[in-house]
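Participant: The file below is input.csv, CSV, C-alpha atoms:
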chain,number,residue,atom,x,y,z
Q,1,MET,CA,-15.6,-15.1,-21.4
Q,2,LEU,CA,-19.1,-15.5,-20.2
Q,3,VAL,CA,-21.3,-12.6,-21.4
Q,4,LEU,CA,-24.7,-12.0,-19.8
Q,5,SER,CA,-27.2,-9.4,-20.8
Q,6,ARG,CA,-28.7,-7.4,-17.9
Q,7,LYS,CA,-31.1,-4.5,-17.5
Q,8,LYS,CA,-30.9,-1.7,-14.9
Q,9,ASP,CA,-31.5,-3.0,-11.4
Q,10,GLU,CA,-30.9,-6.6,-12.4
Q,11,GLU,CA,-28.2,-8.6,-10.7
Q,12,ILE,CA,-25.7,-11.3,-11.3
Q,13,TYR,CA,-25.0,-13.8,-8.5
Q,14,ILE,CA,-21.6,-15.5,-8.3
Q,15,GLU,CA,-20.9,-18.3,-5.8
Q,16,THR,CA,-17.4,-18.8,-4.6
Q,17,THR,CA,-15.8,-21.0,-2.0
Q,18,ILE,CA,-15.2,-18.0,0.3
Q,19,GLY,CA,-18.6,-16.4,0.0
Q,20,ASN,CA,-21.0,-15.1,-2.6
Q,21,ILE,CA,-20.8,-12.0,-4.8
Q,22,ILE,CA,-23.7,-10.0,-6.1
Q,23,LEU,CA,-23.2,-7.6,-9.0
Q,24,LYS,CA,-26.1,-5.1,-9.5
Q,25,ILE,CA,-26.5,-2.8,-12.5
Q,26,VAL,CA,-27.3,0.4,-10.6
Q,27,ASP,CA,-27.3,2.8,-13.5
Q,28,ILE,CA,-26.7,2.9,-17.2
Q,29,ASP,CA,-26.1,5.9,-19.5
Q,30,GLU,CA,-24.5,6.3,-22.8
Q,31,LYS,CA,-20.9,6.0,-21.6
Q,32,ASN,CA,-21.0,4.4,-18.2
Q,33,VAL,CA,-22.4,1.5,-16.4
Q,34,LYS,CA,-22.6,1.8,-12.6
Q,35,VAL,CA,-22.1,-1.6,-10.9
Q,36,GLY,CA,-22.9,-2.2,-7.3
Q,37,ILE,CA,-20.9,-5.0,-5.7
Q,38,THR,CA,-21.8,-7.0,-2.6
Q,39,ALA,CA,-18.9,-9.3,-1.6
Q,40,PRO,CA,-17.3,-10.8,1.5
Q,41,LYS,CA,-15.6,-8.0,3.4
Q,42,ASN,CA,-12.1,-9.6,3.1
Q,43,MET,CA,-12.3,-9.7,-0.7
Q,44,PRO,CA,-10.3,-6.9,-2.3
Q,45,ILE,CA,-12.1,-5.2,-5.1
Q,46,TYR,CA,-10.3,-2.8,-7.4
Q,47,ARG,CA,-10.8,-1.0,-10.7
Q,48,ARG,CA,-8.7,-3.2,-12.9
Q,49,GLU,CA,-6.5,-0.5,-14.4
Q,50,VAL,CA,-5.8,1.0,-10.9
Q,51,TYR,CA,-4.9,-2.5,-9.5
Q,52,GLU,CA,-2.5,-3.0,-12.4
Q,53,LYS,CA,-0.8,0.3,-11.7
Q,54,VAL,CA,-0.4,-0.5,-8.0
Q,55,TYR,CA,0.9,-4.0,-8.9
Q,56,ALA,CA,3.5,-2.4,-11.2
Q,57,VAL,CA,4.8,0.1,-8.6
Q,58,ASN,CA,4.9,-2.5,-5.9
Q,59,LYS,CA,7.1,-4.7,-8.2
Q,60,GLU,CA,9.4,-1.7,-8.7
Q,61,SER,CA,9.5,-0.9,-4.9
Q,62,VAL,CA,10.5,-4.4,-3.7
Q,63,LEU,CA,14.2,-4.5,-2.9
Q,64,HIS,CA,16.1,-5.8,-6.0
Q,65,ASP,CA,19.5,-4.5,-5.2
Q,66,ASP,CA,22.0,-5.4,-2.6
Q,67,LEU,CA,21.0,-3.9,0.8
Q,68,LYS,CA,24.6,-2.6,1.4
Q,69,GLU,CA,24.4,-0.7,-1.9
Q,70,ILE,CA,21.0,0.8,-1.0
Q,71,THR,CA,22.3,1.8,2.4
Q,72,LYS,CA,25.2,3.6,0.7
Q,73,VAL,CA,22.8,5.4,-1.6
Q,74,LEU,CA,20.5,6.5,1.2
Q,75,GLY,CA,23.5,7.6,3.3
Q,76,ALA,CA,24.8,9.7,0.4
Q,77,LEU,CA,21.3,11.3,0.0
Q,78,LYS,CA,21.2,12.2,3.7
Q,79,ARG,CA,24.6,13.8,3.5
Q,80,GLU,CA,23.5,15.9,0.6
Q,81,ASP,CA,20.5,17.1,2.6
Q,82,ARG,CA,22.7,18.6,5.3
E,1,MET,CA,12.0,-16.1,16.9
E,2,ILE,CA,14.7,-15.8,14.2
E,3,PHE,CA,13.4,-15.3,10.7
E,4,SER,CA,15.5,-15.7,7.5
E,5,THR,CA,14.5,-12.6,5.5
E,6,ARG,CA,15.6,-10.6,2.5
E,7,LEU,CA,17.6,-8.5,4.9
E,8,GLY,CA,19.2,-11.5,6.5
E,9,LYS,CA,18.5,-13.3,9.7
E,10,ILE,CA,16.4,-11.1,11.9
E,11,GLU,CA,14.9,-11.7,15.4
E,12,ILE,CA,11.2,-10.8,15.3
E,13,GLU,CA,8.7,-11.4,18.1
E,14,GLU,CA,5.6,-13.3,17.0
E,15,SER,CA,3.7,-10.4,18.6
E,16,GLU,CA,5.2,-8.0,16.0
E,17,VAL,CA,4.2,-10.0,12.9
E,18,LEU,CA,1.7,-8.2,10.7
E,19,THR,CA,-1.1,-10.0,8.8
E,20,PHE,CA,-2.1,-8.9,5.4
E,21,GLU,CA,-5.1,-11.2,5.0
E,22,THR,CA,-5.5,-10.4,1.3
E,23,GLY,CA,-1.8,-10.0,0.6
E,24,ILE,CA,-0.3,-7.0,-1.3
E,25,PRO,CA,-1.1,-6.4,-5.0
E,26,GLY,CA,1.6,-8.3,-6.9
E,27,PHE,CA,2.5,-10.4,-3.8
E,28,GLU,CA,-0.8,-12.1,-3.0
E,29,ALA,CA,0.7,-15.4,-1.9
E,30,TRP,CA,2.4,-13.9,1.2
E,31,HIS,CA,0.5,-12.7,4.2
E,32,LYS,CA,2.9,-12.3,7.1
E,33,TYR,CA,5.2,-9.3,7.3
E,34,ALA,CA,7.2,-7.3,9.9
E,35,LEU,CA,8.1,-3.7,10.0
E,36,VAL,CA,11.8,-3.5,10.7
E,37,MET,CA,14.0,-0.5,11.5
E,38,LEU,CA,17.6,-0.5,10.4
E,39,PRO,CA,19.5,2.4,12.0
E,40,GLU,CA,21.7,2.7,8.9
E,41,THR,CA,18.8,3.3,6.5
E,42,LEU,CA,16.6,5.7,8.6
E,43,PRO,CA,14.3,7.4,8.0
E,44,VAL,CA,13.6,4.5,5.5
E,45,GLN,CA,12.3,1.5,7.3
E,46,TRP,CA,11.5,-2.0,5.9
E,47,LEU,CA,8.4,-4.0,5.4
E,48,ILE,CA,9.8,-7.5,5.2
E,49,SER,CA,8.1,-10.8,4.5
E,50,VAL,CA,8.7,-13.4,7.2
E,51,GLU,CA,7.6,-16.1,4.8
E,52,SER,CA,9.8,-15.4,1.8
E,53,MET,CA,13.5,-14.5,1.6
E,54,GLU,CA,12.8,-12.5,-1.6
E,55,ILE,CA,10.5,-9.8,-0.3
E,56,ALA,CA,11.4,-6.5,1.4
E,57,PHE,CA,9.8,-3.2,0.7
E,58,PRO,CA,11.5,0.1,1.7
E,59,VAL,CA,8.8,2.3,3.5
E,60,LEU,CA,8.7,5.8,4.7
E,61,ASP,CA,6.6,8.0,7.0
E,62,PRO,CA,4.5,9.9,4.3
E,63,TRP,CA,4.3,13.0,6.4
E,64,LEU,CA,8.1,13.5,6.2
E,65,VAL,CA,7.5,14.0,2.4
E,66,LYS,CA,4.1,15.6,2.4
E,67,LYS,CA,3.1,17.4,5.6
E,68,ASP,CA,-0.6,17.7,4.6
E,69,TYR,CA,-1.0,14.1,3.5
E,70,ALA,CA,-4.6,13.1,4.4
E,71,PHE,CA,-7.2,10.6,3.3
E,72,ASP,CA,-10.4,9.1,4.6
E,73,ILE,CA,-10.5,5.6,6.0
E,74,SER,CA,-13.9,4.0,5.0
E,75,GLN,CA,-16.1,2.0,7.2
E,76,ASP,CA,-15.2,-1.0,5.0
E,77,VAL,CA,-11.5,-0.7,6.0
E,78,ILE,CA,-12.4,-0.1,9.6
E,79,ASP,CA,-14.3,-3.4,9.5
E,80,ARG,CA,-11.7,-5.3,7.6
E,81,LEU,CA,-8.9,-4.2,10.1
E,82,ASP,CA,-11.3,-4.4,13.1
E,83,ILE,CA,-10.2,-0.9,14.1
E,84,LYS,CA,-11.5,0.1,17.5
E,85,ASP,CA,-9.3,3.1,18.2
E,86,ARG,CA,-8.2,5.4,15.4
E,87,ASP,CA,-5.1,6.5,17.3
E,88,LYS,CA,-3.8,2.9,17.0
E,89,ILE,CA,-3.6,3.2,13.2
E,90,LEU,CA,-0.1,3.4,11.7
E,91,VAL,CA,0.4,4.6,8.1
E,92,THR,CA,3.5,4.0,6.1
E,93,ASN,CA,4.1,4.2,2.4
E,94,MET,CA,6.3,2.2,0.0
E,95,VAL,CA,9.2,3.9,-1.7
E,96,ARG,CA,11.1,3.1,-4.9
E,97,ILE,CA,14.9,3.5,-4.7
E,98,PRO,CA,16.5,3.3,-8.1
E,99,GLN,CA,20.0,2.3,-7.1
E,100,ASP,CA,21.6,3.9,-10.2
E,101,ASN,CA,19.6,7.1,-9.9
E,102,PRO,CA,18.7,7.6,-6.2
E,103,GLN,CA,17.7,11.3,-6.9
E,104,GLU,CA,14.6,9.8,-8.6
E,105,MET,CA,13.5,8.1,-5.4
E,106,THR,CA,9.7,8.2,-5.2
E,107,ILE,CA,7.0,7.4,-2.6
E,108,ASN,CA,3.7,5.8,-3.3
E,109,LEU,CA,1.1,8.2,-1.9
E,110,LEU,CA,-1.9,6.7,-3.7
E,111,ALA,CA,-1.6,3.3,-2.0
E,112,PRO,CA,-0.6,3.6,1.7
E,113,ILE,CA,0.0,0.7,4.0
E,114,ILE,CA,-2.5,0.9,6.9
E,115,ILE,CA,-1.7,-1.1,10.1
E,116,ASN,CA,-4.0,-1.5,13.1
E,117,THR,CA,-1.3,-1.8,15.7
E,118,GLU,CA,-3.7,-3.3,18.2
E,119,ASN,CA,-4.3,-6.5,16.3
E,120,ARG,CA,-1.5,-6.1,13.7
E,121,LYS,CA,-3.9,-6.5,10.8
E,122,ALA,CA,-2.7,-4.6,7.8
E,123,ILE,CA,-3.7,-3.8,4.2
E,124,GLN,CA,-2.4,-1.8,1.3
E,125,LEU,CA,-5.2,0.6,0.7
E,126,VAL,CA,-5.8,2.1,-2.8
E,127,LEU,CA,-7.1,5.6,-2.3
E,128,ASP,CA,-10.1,6.7,-4.4
E,129,ARG,CA,-8.5,10.0,-5.3
E,130,SER,CA,-6.4,11.0,-8.2
E,131,ASP,CA,-4.4,13.8,-6.8
E,132,TYR,CA,-1.9,11.5,-5.1
E,133,SER,CA,0.7,9.8,-7.2
E,134,LEU,CA,2.0,6.2,-7.2
E,135,ARG,CA,5.4,7.7,-7.9
E,136,HIS,CA,5.7,11.0,-6.0
E,137,LEU,CA,9.2,12.4,-6.3
E,138,ILE,CA,10.5,12.7,-2.8
E,139,ARG,CA,12.9,15.5,-3.6
E,140,GLU,CA,10.0,17.5,-5.1
E,141,GLY,CA,8.0,17.0,-1.8
E,142,ALA,CA,11.0,18.1,0.2
E,143,SER,CA,11.5,21.4,-1.7
E,144,GLU,CA,7.8,22.2,-2.0
E,145,PRO,CA,7.1,25.8,-0.7
E,146,ALA,CA,5.1,25.9,2.5
E,147,SER,CA,2.5,28.3,1.1
E,148,LYS,CA,1.5,25.8,-1.6
E,149,LYS,CA,1.0,23.1,1.0
E,150,GLU,CA,-1.4,25.3,3.0
E,151,GLY,CA,-3.5,26.1,-0.1
E,152,GLU,CA,-4.2,22.5,-1.0
E,153,VAL,CA,-7.5,20.9,-0.3
E,154,CYS,CA,-7.8,17.9,2.1
E,155,SER,CA,-10.7,15.6,2.1
E,156,SER,CA,-10.5,14.6,5.8
Would you give me this structure, written as structure tokens?
Facilitator:
Amino acid sequence: MLVLSRKKDEEIYIETTIGNIILKIVDIDEKNVKVGITAPKNMPIYRREVYEKVYAVNKESVLHDDLKEITKVLGALKREDR
Amino acid sequence: MIFSTRLGKIEIEESEVLTFETGIPGFEAWHKYALVMLPETLPVQWLISVESMEIAFPVLDPWLVKKDYAFDISQDVIDRLDIKDRDKILVTNMVRIPQDNPQEMTINLLAPIIINTENRKAIQLVLDRSDYSLRHLIREGASEPASKKEGEVCSS
């Protein structure tokens, strides 16, 4: 991993093939670093741990089972609701 | 046009195909989906890939589960989806259906699917609020007392 030392208000410039990214150290205190990000608008940016949670639940949501079985399961739930 | 999908061969008009320019977290390699209604699974509908026979997500209208579901759509998202008319936004949320334990069916309220129906651009938006769950129990939502719902704070 590349590690760069930066002070408050300093920036890091990253060139990519789909546009450039600027990371700016907006604020620093004892526990937190606030980073401002300027990136192409179609580039998704997530907090890493949140991205990983969404990734995990999406993998759980995608249909793994036989559609007929799921249809039965949903049908049974609907009957219970009545 | 007939597409081979996870739910079988389905006829989908080109004009109904949704574009997720940046994909869906965990499924970044696929960009083209369609929202399909199967009468036998309603109210659950299906977000299916038209590029892969492996990918279909069950989705549900979140307001069927949580009447006061609300969130802000940032200018960034409005720009990304090129939203001209807020009334043309469609929101649907993925659900998890554990086949062996369907009582535990959950809906992802933290990361809704936002579709601009005018140009069919779509994203899975990750909300910047912690009071919505990635695995909100649907049964719980259904049995929630009305008074509690009214008391909750909405940001938009």
Participant: Which residues, written as an mmCIF file with C-alpha atoms, keeping the file's coordinate frame, have at least one atom at most 10 Å from Q:Asp9, with only C-alpha atoms counted and residues fewer than 4 positions away on the same chain left out?
Facilitator:
data_model
loop_
_atom_site.group_PDB
_atom_site.id
_atom_site.type_symbol
_atom_site.label_atom_id
_atom_site.label_comp_id
_atom_site.auth_asym_id
_atom_site.auth_seq_id
_atom_site.Cartn_x
_atom_site.Cartn_y
_atom_site.Cartn_z
ATOM 1 C CA LEU Q 23 -23.200 -7.600 -9.000
ATOM 2 C CA LYS Q 24 -26.100 -5.100 -9.500
ATOM 3 C CA ILE Q 25 -26.500 -2.800 -12.500
ATOM 4 C CA VAL Q 26 -27.300 0.400 -10.600
ATOM 5 C CA ASP Q 27 -27.300 2.800 -13.500
ATOM 6 C CA ILE Q 28 -26.700 2.900 -17.200
ATOM 7 C CA VAL Q 35 -22.100 -1.600 -10.900
ATOM 8 C CA GLY Q 36 -22.900 -2.200 -7.300
#
Participant: Interatomic distance between atom CA of E:Asp85 and atom CA of E:Ala122?
Facilitator: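 Atom CA of E:Asp85 sits 14.5 Å away from atom CA of E:Ala122.
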Participant: Using all atoms listed in the file, which protein or nucleic acid residues come within 12 Å of E:Val59? Drop anything in the same chain fewer than 6 positions from it, and give the result as a ChimeraX atom specification.
Facilitator: /Q:58,61-63 /E:34-38,41-48,65,91-97,105-109,111-114
Participant: Which residue gives the smallest distance to chain E among Q:Ile12, Q:Ile18, Q:Val50, Q:Leu2, with all atoms listed in the file counted?
Facilitator: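 Closest to chain E of all the choices is Q:Val50.
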Participant: Please identify every residue of chain E that has at least one atom no farther than 7 Å from an atom of chain Q, counting only C-alpha atoms, and for each give the shortest atom pair and the distance in Å to one decimal, arranged by chain then increasing number, as a Markdown table.
Facilitator:
| residue | atom | partner | partner_atom | distance |
| --- | --- | --- | --- | --- |
| E:Thr22 | CA | Q:Asn42 | CA | 6.9 |
| E:Pro25 | CA | Q:Tyr55 | CA | 5.0 |
| E:Gly26 | CA | Q:Tyr55 | CA | 4.8 |
| E:Glu40 | CA | Q:Thr71 | CA | 6.6 |
| E:Thr41 | CA | Q:Thr71 | CA | 5.6 |
| E:Ile55 | CA | Q:Val62 | CA | 6.4 |
| E:Ala56 | CA | Q:Leu63 | CA | 5.5 |
| E:Phe57 | CA | Q:Val62 | CA | 4.6 |
| E:Pro58 | CA | Q:Ser61 | CA | 7.0 |
| E:Arg80 | CA | Q:Asn42 | CA | 6.2 |
| E:Met94 | CA | Q:Ser61 | CA | 6.6 |
| E:Val95 | CA | Q:Ser61 | CA | 5.8 |
| E:Arg96 | CA | Q:Ser61 | CA | 4.3 |
| E:Ile97 | CA | Q:Ser61 | CA | 7.0 |
| E:Gln99 | CA | Q:Ile70 | CA | 6.4 |
| E:Pro102 | CA | Q:Val73 | CA | 6.5 |
| E:Leu134 | CA | Q:Val57 | CA | 6.9 |
Participant: Can you spit out the residues from that selection as an mmCIF file, keeping the file's coordinate frame, using C-alpha atoms?
Facilitator:
data_model
loop_
_atom_site.group_PDB
_atom_site.id
_atom_site.type_symbol
_atom_site.label_atom_id
_atom_site.label_comp_id
_atom_site.auth_asym_id
_atom_site.auth_seq_id
_atom_site.Cartn_x
_atom_site.Cartn_y
_atom_site.Cartn_z
ATOM 1 C CA THR E 22 -5.500 -10.400 1.300
ATOM 2 C CA PRO E 25 -1.100 -6.400 -5.000
ATOM 3 C CA GLY E 26 1.600 -8.300 -6.900
ATOM 4 C CA GLU E 40 21.700 2.700 8.900
ATOM 5 C CA THR E 41 18.800 3.300 6.500
ATOM 6 C CA ILE E 55 10.500 -9.800 -0.300
ATOM 7 C CA ALA E 56 11.400 -6.500 1.400
ATOM 8 C CA PHE E 57 9.800 -3.200 0.700
ATOM 9 C CA PRO E 58 11.500 0.100 1.700
ATOM 10 C CA ARG E 80 -11.700 -5.300 7.600
ATOM 11 C CA MET E 94 6.300 2.200 0.000
ATOM 12 C CA VAL E 95 9.200 3.900 -1.700
ATOM 13 C CA ARG E 96 11.100 3.100 -4.900
ATOM 14 C CA ILE E 97 14.900 3.500 -4.700
ATOM 15 C CA GLN E 99 20.000 2.300 -7.100
ATOM 16 C CA PRO E 102 18.700 7.600 -6.200
ATOM 17 C CA LEU E 134 2.000 6.200 -7.200
#
Participant: Kindly give the distance, in Å, that separates atom CA of E:Asn101 and atom CA of E:Ile24, rounded to a single decimal.
Facilitator: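 Calculated distance between atom CA of E:Asn101 and atom CA of E:Ile24 is 25.9 Å.
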Participant: Rounded to one decimal in Å, what is the spacing between atom CA of E:Met1 and atom CA of E:Leu90?
Facilitator: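 Calculated distance between atom CA of E:Met1 and atom CA of E:Leu90 is 23.5 Å.
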Participant: Any idea what's packed within 12 Å of E:Glu14, counting only C-alpha atoms, ignoring anything in its chain fewer than 6 positions away? Could you give it as a ChimeraX atom specification?
Facilitator: /E:1-3,32-34,50,120
Participant: Could you add the missing atoms to stretch 102-136 of chain E, up to N, CA and C atoms, and return them as a CSV table (one decimal), keeping the file's coordinate frame?
Facilitator:
chain,number,residue,atom,x,y,z
E,102,PRO,N,19.4,7.5,-7.5
E,102,PRO,CA,18.7,7.6,-6.2
E,102,PRO,C,18.0,9.0,-6.1
E,103,GLN,N,18.4,10.0,-6.9
E,103,GLN,CA,17.7,11.3,-6.9
E,103,GLN,C,16.3,11.1,-7.3
E,104,GLU,N,16.0,10.0,-8.1
E,104,GLU,CA,14.6,9.8,-8.6
E,104,GLU,C,13.8,8.9,-7.6
E,105,MET,N,14.2,8.9,-6.3
E,105,MET,CA,13.5,8.1,-5.4
E,105,MET,C,12.1,8.6,-5.2
E,106,THR,N,11.1,7.7,-5.2
E,106,THR,CA,9.7,8.2,-5.2
E,106,THR,C,9.0,7.4,-4.0
E,107,ILE,N,7.9,8.0,-3.6
E,107,ILE,CA,7.0,7.4,-2.6
E,107,ILE,C,5.6,7.2,-3.2
E,108,ASN,N,5.0,6.1,-2.8
E,108,ASN,CA,3.7,5.8,-3.3
E,108,ASN,C,2.6,6.4,-2.3
E,109,LEU,N,2.1,7.5,-2.7
E,109,LEU,CA,1.1,8.2,-1.9
E,109,LEU,C,-0.3,7.7,-2.2
E,110,LEU,N,-0.5,7.1,-3.3
E,110,LEU,CA,-1.9,6.7,-3.7
E,110,LEU,C,-2.3,5.4,-2.9
E,111,ALA,N,-1.3,4.6,-2.6
E,111,ALA,CA,-1.6,3.3,-2.0
E,111,ALA,C,-0.8,3.0,-0.7
E,112,PRO,N,-1.3,3.7,0.4
E,112,PRO,CA,-0.6,3.6,1.7
E,112,PRO,C,-0.8,2.2,2.3
E,113,ILE,N,0.2,1.9,3.2
E,113,ILE,CA,0.0,0.7,4.0
E,113,ILE,C,-0.6,1.1,5.3
E,114,ILE,N,-1.7,0.5,5.7
E,114,ILE,CA,-2.5,0.9,6.9
E,114,ILE,C,-2.4,-0.3,7.9
E,115,ILE,N,-1.9,0.0,9.1
E,115,ILE,CA,-1.7,-1.1,10.1
E,115,ILE,C,-2.5,-0.7,11.3
E,116,ASN,N,-3.3,-1.7,11.8
E,116,ASN,CA,-4.0,-1.5,13.1
E,116,ASN,C,-3.0,-2.1,14.1
E,117,THR,N,-2.3,-1.3,14.9
E,117,THR,CA,-1.3,-1.8,15.7
E,117,THR,C,-1.8,-2.6,16.9
E,118,GLU,N,-3.2,-2.5,17.1
E,118,GLU,CA,-3.7,-3.3,18.2
E,118,GLU,C,-3.8,-4.8,17.9
E,119,ASN,N,-4.2,-5.1,16.7
E,119,ASN,CA,-4.3,-6.5,16.3
E,119,ASN,C,-3.3,-6.9,15.2
E,120,ARG,N,-2.5,-5.9,14.7
E,120,ARG,CA,-1.5,-6.1,13.7
E,120,ARG,C,-2.1,-6.6,12.4
E,121,LYS,N,-3.4,-6.3,12.1
E,121,LYS,CA,-3.9,-6.5,10.8
E,121,LYS,C,-3.5,-5.3,9.9
E,122,ALA,N,-3.2,-5.6,8.6
E,122,ALA,CA,-2.7,-4.6,7.8
E,122,ALA,C,-3.3,-4.8,6.3
E,123,ILE,N,-3.4,-3.7,5.6
E,123,ILE,CA,-3.7,-3.8,4.2
E,123,ILE,C,-2.9,-2.7,3.4
E,124,GLN,N,-2.8,-2.9,2.1
E,124,GLN,CA,-2.4,-1.8,1.3
E,124,GLN,C,-3.6,-1.2,0.7
E,125,LEU,N,-4.0,0.0,1.1
E,125,LEU,CA,-5.2,0.6,0.7
E,125,LEU,C,-5.0,1.4,-0.6
E,126,VAL,N,-5.9,1.2,-1.5
E,126,VAL,CA,-5.8,2.1,-2.8
E,126,VAL,C,-6.8,3.2,-2.6
E,127,LEU,N,-6.3,4.4,-2.5
E,127,LEU,CA,-7.1,5.6,-2.3
E,127,LEU,C,-8.0,5.9,-3.5
E,128,ASP,N,-9.1,6.4,-3.3
E,128,ASP,CA,-10.1,6.7,-4.4
E,128,ASP,C,-9.9,8.2,-4.7
E,129,ARG,N,-8.7,8.6,-4.9
E,129,ARG,CA,-8.5,10.0,-5.3
E,129,ARG,C,-7.3,10.1,-6.2
E,130,SER,N,-7.4,11.0,-7.2
E,130,SER,CA,-6.4,11.0,-8.2
E,130,SER,C,-5.3,12.0,-8.0
E,131,ASP,N,-5.4,12.8,-6.9
E,131,ASP,CA,-4.4,13.8,-6.8
E,131,ASP,C,-3.1,13.3,-6.1
E,132,TYR,N,-3.1,12.1,-5.6
E,132,TYR,CA,-1.9,11.5,-5.1
E,132,TYR,C,-1.3,10.5,-6.1
E,133,SER,N,0.0,10.6,-6.2
E,133,SER,CA,0.7,9.8,-7.2
E,133,SER,C,1.3,8.5,-6.6
E,134,LEU,N,1.3,7.5,-7.5
E,134,LEU,CA,2.0,6.2,-7.2
E,134,LEU,C,3.5,6.4,-7.1
E,135,ARG,N,4.0,7.4,-7.8
E,135,ARG,CA,5.4,7.7,-7.9
E,135,ARG,C,5.7,9.1,-7.6
E,136,HIS,N,5.5,9.6,-6.4
E,136,HIS,CA,5.7,11.0,-6.0
E,136,HIS,C,7.1,11.2,-5.7
